[in-house]
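Visitor: So that you have it, the file is entry27.cif, and it contains mmCIF, C-alpha atoms and all ligand atoms:
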data_final
#
loop_
_atom_site.group_PDB
_atom_site.id
_atom_site.type_symbol
_atom_site.label_atom_id
_atom_site.label_comp_id
_atom_site.auth_asym_id
_atom_site.auth_seq_id
_atom_site.Cartn_x
_atom_site.Cartn_y
_atom_site.Cartn_z
ATOM 1 C CA MET A 1 35.287 4.476 8.302
ATOM 2 C CA ALA A 2 33.417 7.379 6.667
ATOM 3 C CA ARG A 3 30.823 5.308 4.941
ATOM 4 C CA GLU A 4 27.049 5.286 4.669
ATOM 5 C CA ILE A 5 25.735 2.225 6.503
ATOM 6 C CA GLY A 6 22.365 0.703 5.619
ATOM 7 C CA PHE A 7 20.100 -2.006 6.999
ATOM 8 C CA ILE A 8 17.557 -3.779 4.820
ATOM 9 C CA GLY A 9 15.049 -5.223 7.299
ATOM 10 C CA CYS A 10 14.703 -3.410 10.587
ATOM 11 C CA GLY A 11 13.684 -6.092 13.075
ATOM 12 C CA ASN A 12 15.210 -7.247 16.352
ATOM 13 C CA MET A 13 18.782 -7.837 15.150
ATOM 14 C CA ALA A 14 19.024 -4.715 12.986
ATOM 15 C CA LYS A 15 17.612 -2.534 15.772
ATOM 16 C CA ALA A 16 20.223 -3.906 18.185
ATOM 17 C CA MET A 17 23.055 -3.264 15.697
ATOM 18 C CA ILE A 18 21.851 0.260 14.898
ATOM 19 C CA GLY A 19 21.667 1.016 18.635
ATOM 20 C CA GLY A 20 25.160 -0.447 19.076
ATOM 21 C CA ILE A 21 26.787 1.398 16.164
ATOM 22 C CA VAL A 22 25.247 4.774 16.961
ATOM 23 C CA GLY A 23 25.528 4.338 20.735
ATOM 24 C CA SER A 24 29.246 3.512 20.536
ATOM 25 C CA GLY A 25 29.915 6.640 18.464
ATOM 26 C CA TYR A 26 31.342 4.480 15.668
ATOM 27 C CA THR A 27 29.419 6.581 13.175
ATOM 28 C CA HIS A 28 26.993 9.480 13.268
ATOM 29 C CA ALA A 29 23.282 8.665 13.027
ATOM 30 C CA THR A 30 23.010 10.826 9.877
ATOM 31 C CA ARG A 31 25.151 8.203 8.084
ATOM 32 C CA VAL A 32 22.871 5.312 9.067
ATOM 33 C CA TYR A 33 19.872 4.204 6.969
ATOM 34 C CA ALA A 34 17.253 1.522 7.533
ATOM 35 C CA SER A 35 14.431 0.117 5.431
ATOM 36 C CA ASN A 36 11.615 -2.181 6.474
ATOM 37 C CA ARG A 37 8.457 -3.622 4.981
ATOM 38 C CA SER A 38 6.324 -1.353 7.176
ATOM 39 C CA MET A 39 6.962 1.944 8.967
ATOM 40 C CA GLY A 40 6.221 0.725 12.529
ATOM 41 C CA SER A 41 9.713 -0.069 13.823
ATOM 42 C CA LEU A 42 11.264 2.573 11.554
ATOM 43 C CA GLU A 43 9.459 5.463 13.238
ATOM 44 C CA GLU A 44 10.692 4.218 16.585
ATOM 45 C CA MET A 45 14.302 4.014 15.343
ATOM 46 C CA LYS A 46 14.134 7.451 13.726
ATOM 47 C CA GLU A 47 12.857 8.975 16.940
ATOM 48 C CA ARG A 48 15.291 7.119 19.221
ATOM 49 C CA PHE A 49 18.490 7.448 17.207
ATOM 50 C CA GLY A 50 17.870 10.052 14.481
ATOM 51 C CA ILE A 51 18.731 7.680 11.599
ATOM 52 C CA HIS A 52 17.233 7.915 8.067
ATOM 53 C CA VAL A 53 14.349 5.541 7.408
ATOM 54 C CA THR A 54 12.443 4.352 4.347
ATOM 55 C CA THR A 55 10.170 1.535 3.194
ATOM 56 C CA ASP A 56 12.092 1.372 -0.106
ATOM 57 C CA ASN A 57 14.955 -1.171 -0.022
ATOM 58 C CA ALA A 58 16.280 0.251 -3.296
ATOM 59 C CA GLU A 59 17.056 3.549 -1.556
ATOM 60 C CA ILE A 60 19.432 1.758 0.829
ATOM 61 C CA ALA A 61 21.020 -0.196 -2.042
ATOM 62 C CA ARG A 62 21.639 2.989 -4.039
ATOM 63 C CA LYS A 63 23.000 5.102 -1.171
ATOM 64 C CA CYS A 64 24.969 2.836 1.141
ATOM 65 C CA ASP A 65 28.567 1.592 1.061
ATOM 66 C CA ILE A 66 27.943 -1.075 3.670
ATOM 67 C CA VAL A 67 24.602 -2.860 3.464
ATOM 68 C CA PHE A 68 23.379 -5.265 6.127
ATOM 69 C CA LEU A 69 20.827 -7.781 4.853
ATOM 70 C CA SER A 70 18.859 -8.116 8.064
ATOM 71 C CA VAL A 71 15.700 -9.788 6.802
ATOM 72 C CA THR A 72 14.901 -13.428 7.632
ATOM 73 C CA PRO A 73 16.711 -16.117 5.565
ATOM 74 C CA ASP A 74 13.626 -17.042 3.492
ATOM 75 C CA LEU A 75 13.556 -13.501 2.057
ATOM 76 C CA TYR A 76 17.195 -13.367 0.911
ATOM 77 C CA GLU A 77 16.487 -14.665 -2.592
ATOM 78 C CA LYS A 78 13.755 -12.085 -3.224
ATOM 79 C CA VAL A 79 15.482 -9.106 -1.596
ATOM 80 C CA ILE A 80 18.811 -9.769 -3.368
ATOM 81 C CA GLY A 81 16.893 -10.154 -6.652
ATOM 82 C CA ASP A 82 15.340 -6.713 -6.093
ATOM 83 C CA ILE A 83 18.602 -4.886 -5.295
ATOM 84 C CA LYS A 84 21.390 -6.736 -7.120
ATOM 85 C CA ASP A 85 21.498 -4.410 -10.104
ATOM 86 C CA ILE A 86 21.458 -1.180 -8.120
ATOM 87 C CA VAL A 87 23.927 -1.730 -5.253
ATOM 88 C CA LYS A 88 26.970 0.548 -5.460
ATOM 89 C CA GLU A 89 29.944 -0.850 -7.376
ATOM 90 C CA ASN A 90 32.213 -1.228 -4.325
ATOM 91 C CA ALA A 91 29.587 -1.725 -1.660
ATOM 92 C CA ILE A 92 30.153 -4.386 0.986
ATOM 93 C CA MET A 93 27.099 -6.581 1.532
ATOM 94 C CA ILE A 94 26.879 -8.121 4.996
ATOM 95 C CA MET A 95 24.741 -11.229 5.315
ATOM 96 C CA ILE A 96 23.643 -11.959 8.870
ATOM 97 C CA ALA A 97 21.119 -14.725 8.210
ATOM 98 C CA ALA A 98 21.497 -18.127 9.841
ATOM 99 C CA GLY A 99 22.340 -20.859 7.362
ATOM 100 C CA GLN A 100 22.865 -18.633 4.308
ATOM 101 C CA THR A 101 26.262 -19.298 2.724
ATOM 102 C CA ILE A 102 28.517 -16.870 0.894
ATOM 103 C CA GLU A 103 28.380 -19.132 -2.188
ATOM 104 C CA GLN A 104 24.564 -19.163 -2.265
ATOM 105 C CA ASN A 105 24.475 -15.391 -2.055
ATOM 106 C CA GLU A 106 27.216 -14.876 -4.664
ATOM 107 C CA LYS A 107 25.031 -16.904 -7.039
ATOM 108 C CA ARG A 108 22.031 -14.733 -6.208
ATOM 109 C CA PHE A 109 23.985 -11.601 -7.133
ATOM 110 C CA GLY A 110 25.202 -13.311 -10.305
ATOM 111 C CA ARG A 111 28.317 -11.115 -10.512
ATOM 112 C CA LYS A 112 31.384 -10.192 -8.505
ATOM 113 C CA VAL A 113 30.340 -8.483 -5.303
ATOM 114 C CA LYS A 114 32.003 -7.875 -1.955
ATOM 115 C CA LEU A 115 30.280 -10.236 0.468
ATOM 116 C CA ALA A 116 30.755 -10.736 4.184
ATOM 117 C CA ARG A 117 28.903 -13.237 6.328
ATOM 118 C CA ALA A 118 28.379 -12.238 9.949
ATOM 119 C CA MET A 119 26.738 -13.903 12.928
ATOM 120 C CA PRO A 120 26.131 -11.201 15.574
ATOM 121 C CA ASN A 121 23.927 -11.408 18.660
ATOM 122 C CA THR A 122 21.495 -8.976 20.272
ATOM 123 C CA PRO A 123 23.807 -7.851 23.141
ATOM 124 C CA VAL A 124 25.486 -5.622 20.505
ATOM 125 C CA LEU A 125 22.847 -3.140 21.696
ATOM 126 C CA VAL A 126 24.721 -2.702 24.991
ATOM 127 C CA GLY A 127 28.237 -2.946 23.539
ATOM 128 C CA GLU A 128 28.688 -6.596 24.584
ATOM 129 C CA GLY A 129 27.999 -8.398 21.328
ATOM 130 C CA MET A 130 29.851 -11.402 19.962
ATOM 131 C CA THR A 131 30.167 -11.553 16.193
ATOM 132 C CA ALA A 132 31.762 -14.157 13.935
ATOM 133 C CA LEU A 133 32.874 -13.045 10.472
ATOM 134 C CA SER A 134 33.799 -14.642 7.143
ATOM 135 C CA VAL A 135 34.366 -12.875 3.823
ATOM 136 C CA ASN A 136 34.621 -13.732 0.146
ATOM 137 C CA ASN A 137 37.663 -13.129 -2.066
ATOM 138 C CA GLU A 138 36.456 -9.717 -3.266
ATOM 139 C CA ILE A 139 36.998 -8.181 0.172
ATOM 140 C CA THR A 140 40.491 -6.714 0.571
ATOM 141 C CA LYS A 141 42.764 -7.110 3.594
ATOM 142 C CA ASP A 142 42.075 -3.477 4.596
ATOM 143 C CA GLU A 143 38.324 -4.002 4.284
ATOM 144 C CA LYS A 144 38.587 -7.127 6.456
ATOM 145 C CA HIS A 145 40.263 -4.992 9.074
ATOM 146 C CA GLU A 146 37.636 -2.233 8.743
ATOM 147 C CA LEU A 147 34.814 -4.741 9.112
ATOM 148 C CA LYS A 148 36.323 -6.166 12.287
ATOM 149 C CA GLU A 149 36.589 -2.621 13.651
ATOM 150 C CA LEU A 150 32.932 -1.980 12.854
ATOM 151 C CA PHE A 151 31.785 -5.075 14.754
ATOM 152 C CA GLU A 152 34.218 -4.393 17.590
ATOM 153 C CA SER A 153 32.568 -1.014 18.103
ATOM 154 C CA PHE A 154 29.750 -2.937 19.830
ATOM 155 C CA GLY A 155 31.473 -5.979 21.302
ATOM 156 C CA LYS A 156 33.949 -8.677 20.354
ATOM 157 C CA ALA A 157 34.444 -9.918 16.793
ATOM 158 C CA GLU A 158 36.508 -12.737 15.320
ATOM 159 C CA TYR A 159 36.999 -14.248 11.887
ATOM 160 C CA VAL A 160 36.119 -17.948 11.615
ATOM 161 C CA GLU A 161 36.150 -20.527 8.817
ATOM 162 C CA GLU A 162 32.798 -20.210 7.081
ATOM 163 C CA GLN A 163 31.893 -23.868 7.706
ATOM 164 C CA LEU A 164 31.862 -23.090 11.455
ATOM 165 C CA MET A 165 29.157 -20.422 11.100
ATOM 166 C CA ASP A 166 26.362 -22.868 12.012
ATOM 167 C CA VAL A 167 28.190 -23.742 15.236
ATOM 168 C CA VAL A 168 28.729 -20.058 16.016
ATOM 169 C CA SER A 169 25.076 -19.384 15.325
ATOM 170 C CA GLY A 170 24.183 -21.845 18.126
ATOM 171 C CA VAL A 171 26.902 -20.935 20.610
ATOM 172 C CA SER A 172 26.775 -17.123 20.445
ATOM 173 C CA GLY A 173 24.021 -16.033 17.999
ATOM 174 C CA SER A 174 21.266 -17.910 19.801
ATOM 175 C CA SER A 175 22.780 -18.383 23.263
ATOM 176 C CA PRO A 176 21.562 -15.086 24.754
ATOM 177 C CA ALA A 177 18.126 -16.771 24.589
ATOM 178 C CA TYR A 178 19.375 -19.744 26.627
ATOM 179 C CA ALA A 179 21.077 -17.380 29.085
ATOM 180 C CA TYR A 180 17.834 -15.417 29.567
ATOM 181 C CA MET A 181 16.059 -18.708 30.295
ATOM 182 C CA PHE A 182 18.688 -19.511 32.917
ATOM 183 C CA ILE A 183 18.410 -16.049 34.480
ATOM 184 C CA GLU A 184 14.625 -16.263 34.472
ATOM 185 C CA ALA A 185 14.772 -19.691 36.127
ATOM 186 C CA LEU A 186 17.205 -18.434 38.780
ATOM 187 C CA ALA A 187 14.964 -15.463 39.475
ATOM 188 C CA ASP A 188 11.850 -17.654 39.649
ATOM 189 C CA GLY A 189 13.618 -19.845 42.193
ATOM 190 C CA ALA A 190 14.597 -16.812 44.252
ATOM 191 C CA VAL A 191 11.033 -15.464 44.120
ATOM 192 C CA LEU A 192 9.763 -18.886 45.180
ATOM 193 C CA HIS A 193 11.880 -18.474 48.297
ATOM 194 C CA GLY A 194 10.749 -14.916 49.000
ATOM 195 C CA LEU A 195 13.075 -12.476 47.163
ATOM 196 C CA PRO A 196 11.157 -9.602 45.483
ATOM 197 C CA ARG A 197 10.944 -10.088 41.676
ATOM 198 C CA GLN A 198 13.001 -7.059 40.587
ATOM 199 C CA GLN A 199 15.776 -7.832 43.045
ATOM 200 C CA ALA A 200 15.728 -11.447 41.883
ATOM 201 C CA TYR A 201 16.454 -10.335 38.269
ATOM 202 C CA THR A 202 19.209 -7.972 39.405
ATOM 203 C CA PHE A 203 20.907 -10.551 41.622
ATOM 204 C CA ALA A 204 20.645 -13.349 39.059
ATOM 205 C CA SER A 205 21.808 -11.278 36.064
ATOM 206 C CA GLN A 206 24.697 -9.588 37.843
ATOM 207 C CA ALA A 207 25.916 -13.002 39.055
ATOM 208 C CA VAL A 208 25.790 -14.382 35.486
ATOM 209 C CA LEU A 209 27.492 -11.248 34.100
ATOM 210 C CA GLY A 210 30.226 -11.490 36.747
ATOM 211 C CA ALA A 211 30.760 -15.204 36.105
ATOM 212 C CA ALA A 212 31.131 -14.605 32.344
ATOM 213 C CA LYS A 213 33.585 -11.780 33.027
ATOM 214 C CA MET A 214 35.637 -14.049 35.309
ATOM 215 C CA VAL A 215 35.997 -16.599 32.495
ATOM 216 C CA LEU A 216 36.990 -13.934 29.967
ATOM 217 C CA GLU A 217 39.283 -11.855 32.159
ATOM 218 C CA THR A 218 41.068 -14.359 34.429
ATOM 219 C CA GLY A 219 41.647 -17.038 31.808
ATOM 220 C CA ILE A 220 40.975 -19.623 34.525
ATOM 221 C CA HIS A 221 39.187 -22.776 33.374
ATOM 222 C CA PRO A 222 35.399 -22.572 34.066
ATOM 223 C CA GLY A 223 35.618 -25.863 36.015
ATOM 224 C CA GLU A 224 38.202 -24.400 38.379
ATOM 225 C CA LEU A 225 36.152 -21.217 38.838
ATOM 226 C CA LYS A 226 33.164 -23.428 39.691
ATOM 227 C CA ASP A 227 35.278 -25.341 42.226
ATOM 228 C CA GLN A 228 36.251 -22.039 43.891
ATOM 229 C CA VAL A 229 32.572 -21.365 44.640
ATOM 230 C CA CYS A 230 31.891 -24.800 46.087
ATOM 231 C CA SER A 231 32.887 -24.668 49.755
ATOM 232 C CA PRO A 232 33.494 -28.154 51.213
ATOM 233 C CA GLY A 233 30.269 -29.534 52.642
ATOM 234 C CA GLY A 234 28.597 -26.249 51.676
ATOM 235 C CA SER A 235 25.434 -25.209 49.898
ATOM 236 C CA THR A 236 26.758 -24.698 46.338
ATOM 237 C CA ILE A 237 27.890 -28.289 45.866
ATOM 238 C CA GLU A 238 24.359 -29.379 46.812
ATOM 239 C CA ALA A 239 23.033 -27.334 43.888
ATOM 240 C CA VAL A 240 25.786 -28.603 41.558
ATOM 241 C CA ALA A 241 24.973 -32.225 42.429
ATOM 242 C CA SER A 242 21.268 -31.610 41.886
ATOM 243 C CA LEU A 243 21.828 -29.818 38.550
ATOM 244 C CA GLU A 244 24.063 -32.670 37.371
ATOM 245 C CA ALA A 245 21.416 -35.225 38.391
ATOM 246 C CA ASN A 246 18.909 -33.269 36.321
ATOM 247 C CA GLY A 247 21.185 -33.222 33.265
ATOM 248 C CA LEU A 248 21.951 -29.500 33.004
ATOM 249 C CA ARG A 249 25.075 -29.938 30.844
ATOM 250 C CA SER A 250 23.472 -32.600 28.700
ATOM 251 C CA ALA A 251 20.392 -30.415 28.187
ATOM 252 C CA VAL A 252 22.579 -27.486 27.105
ATOM 253 C CA ILE A 253 24.698 -29.593 24.729
ATOM 254 C CA ARG A 254 21.591 -31.140 23.162
ATOM 255 C CA GLY A 255 19.889 -27.748 22.851
ATOM 256 C CA LEU A 256 22.939 -26.278 21.167
ATOM 257 C CA SER A 257 23.146 -29.252 18.791
ATOM 258 C CA ALA A 258 19.471 -28.728 17.864
ATOM 259 C CA ALA A 259 20.226 -25.097 16.940
ATOM 260 C CA ILE A 260 23.278 -26.108 14.887
ATOM 261 C CA GLU A 261 21.371 -28.841 13.026
ATOM 262 C CA LYS A 262 18.516 -26.449 12.260
ATOM 263 C CA SER A 263 20.947 -23.844 10.980
ATOM 264 C CA LYS A 264 22.484 -26.494 8.662
ATOM 265 C CA ARG A 265 19.014 -27.455 7.377
ATOM 266 C CA MET A 266 18.340 -23.774 6.633
ATOM 267 C CA THR A 267 21.158 -23.873 4.036
ATOM 268 C CA GLU A 268 19.495 -26.618 1.994
HETATM 269 N N1 LIG A 301 17.542 -12.081 16.355
HETATM 270 C C1 LIG A 301 18.799 -12.453 16.554
HETATM 271 O O1 LIG A 301 19.272 -12.550 17.707
HETATM 272 C C2 LIG A 301 19.698 -12.763 15.379
HETATM 273 C C3 LIG A 301 19.235 -12.757 14.091
HETATM 274 N N2 LIG A 301 20.067 -13.016 13.035
HETATM 275 C C4 LIG A 301 19.565 -12.959 11.660
HETATM 276 O O2 LIG A 301 19.001 -11.679 11.469
HETATM 277 C C5 LIG A 301 17.968 -11.746 10.505
HETATM 278 C C6 LIG A 301 16.746 -11.019 11.045
HETATM 279 O O3 LIG A 301 16.317 -11.685 12.215
HETATM 280 P P1 LIG A 301 15.403 -10.939 13.294
HETATM 281 O O4 LIG A 301 15.845 -9.528 13.410
HETATM 282 O O5 LIG A 301 15.406 -11.824 14.474
HETATM 283 O O6 LIG A 301 13.992 -10.997 12.570
HETATM 284 P P2 LIG A 301 12.801 -9.925 12.611
HETATM 285 O O7 LIG A 301 11.600 -10.642 12.112
HETATM 286 O O8 LIG A 301 12.748 -9.274 13.953
HETATM 287 O O9 LIG A 301 13.273 -8.823 11.547
HETATM 288 C C7 LIG A 301 13.092 -8.930 10.160
HETATM 289 C C8 LIG A 301 12.537 -7.599 9.653
HETATM 290 O O10 LIG A 301 12.497 -7.626 8.223
HETATM 291 C C9 LIG A 301 11.315 -6.918 7.810
HETATM 292 N N3 LIG A 301 10.994 -7.305 6.434
HETATM 293 C C10 LIG A 301 10.220 -8.349 6.003
HETATM 294 N N4 LIG A 301 10.183 -8.356 4.655
HETATM 295 C C11 LIG A 301 10.940 -7.327 4.231
HETATM 296 C C12 LIG A 301 11.295 -6.822 2.952
HETATM 297 N N5 LIG A 301 10.878 -7.414 1.821
HETATM 298 N N6 LIG A 301 12.091 -5.730 2.889
HETATM 299 C C13 LIG A 301 12.537 -5.132 4.023
HETATM 300 N N7 LIG A 301 12.230 -5.557 5.257
HETATM 301 C C14 LIG A 301 11.455 -6.648 5.358
HETATM 302 C C15 LIG A 301 10.277 -7.317 8.825
HETATM 303 O O11 LIG A 301 9.194 -6.389 8.832
HETATM 304 C C16 LIG A 301 11.110 -7.308 10.114
HETATM 305 O O12 LIG A 301 11.071 -6.032 10.737
HETATM 306 C C17 LIG A 301 17.711 -13.223 10.229
HETATM 307 O O13 LIG A 301 18.269 -13.533 8.978
HETATM 308 C C18 LIG A 301 18.422 -13.935 11.356
HETATM 309 O O14 LIG A 301 18.949 -15.201 10.985
HETATM 310 C C19 LIG A 301 21.395 -13.257 13.220
HETATM 311 C C20 LIG A 301 21.921 -13.278 14.475
HETATM 312 C C21 LIG A 301 21.121 -13.087 15.663
HETATM 313 O O1 LIG A 302 16.896 -17.755 15.658
HETATM 314 C C1 LIG A 302 17.546 -17.527 14.631
HETATM 315 O O2 LIG A 302 17.381 -18.185 13.588
HETATM 316 C C2 LIG A 302 18.597 -16.427 14.656
HETATM 317 C C3 LIG A 302 19.976 -16.946 14.369
HETATM 318 C C4 LIG A 302 20.753 -16.746 15.629
HETATM 319 C C5 LIG A 302 19.844 -16.047 16.519
HETATM 320 N N1 LIG A 302 18.674 -15.841 15.973
#
What do you get writing this file as structure tokens?
Ligand SMILES: NC(=O)C1=CN([C@@H]2O[C@H](COP(=O)(O)OP(=O)(O)OC[C@H]3O[C@@H](n4cnc5c(N)ncnc54)[C@H](O)[C@@H]3O)[C@@H](O)[C@H]2O)C=CC1
Ligand SMILES: O=C(O)[C@@H]1CCC=N1
Guide:
Amino acid sequence: MAREIGFIGCGNMAKAMIGGIVGSGYTHATRVYASNRSMGSLEEMKERFGIHVTTDNAEIARKCDIVFLSVTPDLYEKVIGDIKDIVKENAIMIMIAAGQTIEQNEKRFGRKVKLARAMPNTPVLVGEGMTALSVNNEITKDEKHELKELFESFGKAEYVEEQLMDVVSGVSGSSPAYAYMFIEALADGAVLHGLPRQQAYTFASQAVLGAAKMVLETGIHPGELKDQVCSPGGSTIEAVASLEANGLRSAVIRGLSAAIEKSKRMTE
């Protein structure tokens, strides 16, 4: 897709997506633009990736064919108000904010505009992102396909019903944070028992990466894969029993529900 791609708001999520898009070779850095309130993170991105940077959101709106709104949800109203009259006629606006609906944003533009809602996650930086997508009626079938290709350049991407976006936000948008907590806890436990810190992170993360890959690539149910690790009378089942007694699954389900509920409240 030979289009100019812009990011309004260059924080954690935008930086990961810029790294993913440029790193995958999906587009050349000279076709990528980013604006931010201050220059700090922009200088870093310019130096690292060679993209164009500015503190003027209007510049992105005027130049780009695909515009990511990557500011926090509370700023959507203001930022859309500032750019709505200058975005290019056929530009596709991609909204990545938790809890912000397509309908709310259509109203903010106050006219027909091509809108996509996306829920990516930060592993897009290393080509292993997971993005959910929904679009409004102004986006054509070909554009839907192009958008999926864009997001697939840095991971997996799937269309979902828009009402499931809050669930997706909790299960894949936020879940890298829970996974890092799990990895950190594993590593802390290993350090407690004498493994050097750096090795503890490597061993814990590679085991989690491998386990995730097993689920995705073998198609075997996670419960069965777990059973394959638990040798009869062995050490793993001791850990499984202890984790169950301490409510691991319940803690995860309740944590996820908290994220989903918060995301729903952010729509109101
Ligand atoms: N961090 C994540 O893993 C994910 C974040 N998101 C969504 O991405 C959006 C951004 O989140 P983060 O990157 O985490 O936040 P962040 O705080 O790291 O980034 C926001 C950036 O916007 C800039 N900014 C503030 N006011 C601005 C303005 N008026 N014009 C231009 N830039 C402005 C800030 O300086 C900051 O660099 C949010 O809407 C969030 O819901 C979605 C999926 C995952
Ligand atoms: O914490 C947040 O609100 C965003 C949405 C998903 C990940 N980060």
Visitor: Have a look at A:Ala239, A:Ile253, A:Met17, A:Ala177 and name the one nearest to A:Val126; count all atoms listed in the file.
Guide: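 So, comparing all the options, the nearest one is A:Met17.
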Visitor: Go through A:Ala29, A:Val171, A:Ala190, A:Val87 and flag the residue nearest ligand LIG 302 (chain A), using only C-alpha atoms and all ligand atoms for the distances.
Guide: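 Closest candidate: A:Val171.
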Visitor: Out of A:His52, A:Lys114, A:Lys15, A:Lys84, which residue has the shortest atom-to-atom distance to ligand LIG 301 (chain A) when counting all atoms listed in the file?
Guide: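 Nearest to ligand LIG 301 (chain A): A:Lys15.
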Visitor: When you count all atoms listed in the file, which of these residues is closest to ligand LIG 301 (chain A): A:Ser231, A:Asn90, A:Ser175, A:Asn246?
Guide: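 Selected residue with least distance to ligand LIG 301 (chain A): A:Ser175.
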Visitor: Within 6 Å of ligand LIG 301 (chain A), which residues show up when you count all atoms listed in the file? List them as a ChimeraX atom specification, please.
Guide: /A:8-14,35-37,70-73,79,96-98,119-122,173
Visitor: Check what the PyMOL selection byres (((chain A and resi 102) around 10) and not hetatm) selects in the file above and give those residues as a PDB file with C-alpha atoms, in the frame of the given file.
Guide:
ATOM      1  CA  ILE A  94      26.879  -8.121   4.996  1.00  0.00           C
ATOM      2  CA  MET A  95      24.741 -11.229   5.315  1.00  0.00           C
ATOM      3  CA  GLY A  99      22.340 -20.859   7.362  1.00  0.00           C
ATOM      4  CA  GLN A 100      22.865 -18.633   4.308  1.00  0.00           C
ATOM      5  CA  THR A 101      26.262 -19.298   2.724  1.00  0.00           C
ATOM      6  CA  GLU A 103      28.380 -19.132  -2.188  1.00  0.00           C
ATOM      7  CA  GLN A 104      24.564 -19.163  -2.265  1.00  0.00           C
ATOM      8  CA  ASN A 105      24.475 -15.391  -2.055  1.00  0.00           C
ATOM      9  CA  GLU A 106      27.216 -14.876  -4.664  1.00  0.00           C
ATOM     10  CA  LYS A 107      25.031 -16.904  -7.039  1.00  0.00           C
ATOM     11  CA  ARG A 108      22.031 -14.733  -6.208  1.00  0.00           C
ATOM     12  CA  LEU A 115      30.280 -10.236   0.468  1.00  0.00           C
ATOM     13  CA  ALA A 116      30.755 -10.736   4.184  1.00  0.00           C
ATOM     14  CA  ARG A 117      28.903 -13.237   6.328  1.00  0.00           C
ATOM     15  CA  SER A 134      33.799 -14.642   7.143  1.00  0.00           C
ATOM     16  CA  VAL A 135      34.366 -12.875   3.823  1.00  0.00           C
ATOM     17  CA  ASN A 136      34.621 -13.732   0.146  1.00  0.00           C
ATOM     18  CA  GLU A 162      32.798 -20.210   7.081  1.00  0.00           C
TER      19      GLU A 162
END
Visitor: To one decimal in Å, tell me the separation between atom CA of A:Leu125 and atom CA of A:Gln198.
Guide: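 Between atom CA of A:Leu125 and atom CA of A:Gln198 the gap is 21.7 Å.
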Visitor: What does the distance between atom CA of A:Ala212 and atom CA of A:Gln228 come to in Å, to one decimal place?
Guide: 14.7 Å
Visitor: Evaluating the PyMOL selection byres (((chain A and resi 187) around 9) and not hetatm) on the displayed file yields which residues, as a PyMOL selection string?
Guide: chain A and resi 182-186+188-192+195+197-205
Visitor: Could you give me, as a ChimeraX atom specification, the residues within 8 Å of A:Arg3, counting all atoms listed in the file and dropping anything in the same chain fewer than 6 positions from it?
Guide: /A:31,64-66
Visitor: Please return as a VMD selection string every residue within 9 Å of (16.4, -7.0, -1.2), taking into account all atoms listed in the file and the file's own coordinates.
Guide: chain A and resid 8 to 9 57 to 58 61 69 71 75 to 84
Visitor: Suppose you want the space between atom CA of A:Met93 and atom CA of A:Tyr178; what is it in Å?
Guide: 29.4 Å
Visitor: Which one of A:Gly19, A:Gly155, A:Gly40, A:Pro176 sits closest to ligand LIG 302 (chain A) if you count only C-alpha atoms and all ligand atoms?
Guide: A:Pro176
Visitor: Within 12 Å of A:Glu152, counting only C-alpha atoms, which residues show up once you throw out same-chain ones fewer than 5 positions away? Write them as an MDAnalysis selection string, please.
Guide: chainID A and resid 17 20:21 24:26 120 124 127:133 145:147 157:159
Visitor: Please return the centre and edge lengths, in Å to one decimal, of a box with edges along x, y and z that contains all listed atoms of stretch 203-213 of chain A, widened by 8 Å on every side, as lines of an AutoDock Vina configuration file.
Guide:
center_x = 27.1
center_y = -12.4
center_z = 37.0
size_x = 28.9
size_y = 21.6
size_z = 25.3
Visitor: Of the candidates A:Gly170, A:Gly247, A:Pro222, A:Gly6, which shows the shortest atom-to-atom distance to ligand LIG 302 (chain A), using all atoms listed in the file?
Guide: A:Gly170
